[in-house]
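One structure below.
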Amino acid sequence: MSKTAYIELPLKPEHAEDFANLANSDEGFALTQKQPGFISAEWMISTAEDGSTCFHLWETWESPEHFGAYLQIPERTEGSKFESAMMNWAAGELRVCWGEPTGVK
């Protein structure tokens, strides 16, 4: 049965637009969607009343193992352009939670 990962990353407000551009680029979700086991993704960047920003992502994969394999591709490993941008633009720790996709019984 498929699993959905909820991923949350606080962002430095001055880099929220940069992160959105990266997510929308060929190195972002266009690459993710080509990976074995990928089913779907939805994301947003929120801004709180205090001005803090946070990236929210819901990705559904055939299994957590497929997601783990995806994180091992060269474009996502430590030192990659994508990973470096995430770490430089982050304002806190990355959080990943797994659950059942909504609407599935």
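Each chain of the structure tokens is named A, B, ... in the order shown, its residues numbered from 1; ligands are numbered from 1 in display order.
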
Which residues in chain A does DSSP call alpha helix (DSSP H)? List them as a list of chain:residue names.
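These are the residues in question: A:Ala16, A:Glu17, A:Asp18, A:Phe19, A:Ala20, A:Asn21, A:Leu22, A:Ala23, A:Phe29, A:Ala30, A:Leu31, A:Thr32, A:Pro64, A:Glu65, A:His66, A:Phe67, A:Gly68, A:Ala69, A:Tyr70, A:Lys81, A:Phe82, A:Glu83, A:Ser84, A:Ala85, A:Met86, A:Met87, A:Asn88, A:Trp89.
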
Quick one: residues within 10 Å of Leu9 (chain A), only C-alpha atoms counted, chain neighbours fewer than 4 positions away excluded, as JSON, numbers by chain?
{"A": [45, 53, 54, 55, 56, 57, 86, 87, 89, 90, 91, 92, 93, 94, 95, 96]}

Quick one: everything within 7 Å of Trp58 (chain A), counting only C-alpha atoms, minus sequence neighbours fewer than 5 positions away in the same chain. Send it as an MDAnalysis selection string.
chainID A and resid 4:7 41:43

Of the candidates A:Ser52, A:Thr77, A:Thr60, A:Asn88, which one gets nearest to Pro13 (chain A) if we count only C-alpha atoms?
A:Ser52

Which is closest to Gln72 (chain A) among A:Ala20, A:Thr32, A:Ser25, A:Lys3, if we use only C-alpha atoms?
A:Thr32

What lies within 10 Å of Tyr70 (chain A) using only C-alpha atoms, ignoring chain neighbours under 6 positions off, as a CSV table (one decimal) with N, CA and C atoms, in the first residue's frame?
```
chain,number,residue,atom,x,y,z
A,31,LEU,N,12.1,16.4,-11.6
A,31,LEU,CA,13.0,15.2,-11.5
A,31,LEU,C,12.4,14.2,-10.5
A,32,THR,N,11.7,14.7,-9.5
A,32,THR,CA,11.1,13.8,-8.5
A,32,THR,C,10.0,12.9,-9.2
A,34,LYS,N,9.9,11.7,-12.0
A,34,LYS,CA,10.4,10.7,-12.9
A,34,LYS,C,10.9,9.4,-12.1
A,35,GLN,N,10.9,9.5,-10.8
A,35,GLN,CA,11.5,8.4,-10.0
A,35,GLN,C,10.6,7.2,-9.8
A,36,PRO,N,11.2,6.0,-9.8
A,36,PRO,CA,10.4,4.8,-9.6
A,36,PRO,C,9.7,4.9,-8.3
A,37,GLY,N,8.4,4.5,-8.3
A,37,GLY,CA,7.6,4.5,-7.0
A,37,GLY,C,7.0,5.8,-6.7
A,38,PHE,N,7.3,6.9,-7.4
A,38,PHE,CA,6.6,8.2,-7.1
A,38,PHE,C,5.2,8.1,-7.6
A,64,PRO,N,8.0,3.7,1.5
A,64,PRO,CA,9.1,4.5,2.0
A,64,PRO,C,10.4,4.1,1.4
A,76,ARG,N,20.2,14.4,-5.3
A,76,ARG,CA,19.6,14.6,-4.0
A,76,ARG,C,20.6,14.3,-2.8
A,77,THR,N,21.7,13.7,-3.1
A,77,THR,CA,22.6,13.4,-2.0
A,77,THR,C,23.3,14.6,-1.5
```

Chain A: which residues are strand (DSSP E or B) by DSSP, as a PyMOL selection string?
chain A and resi 3-11+38-47+53-61+90+95-99

What does the structure give for the distance between CA of Glu49 (chain A) and CA of Glu83 (chain A), in Å to one decimal?
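Going from CA of Glu49 (chain A) over to CA of Glu83 (chain A) covers 27.9 Å.
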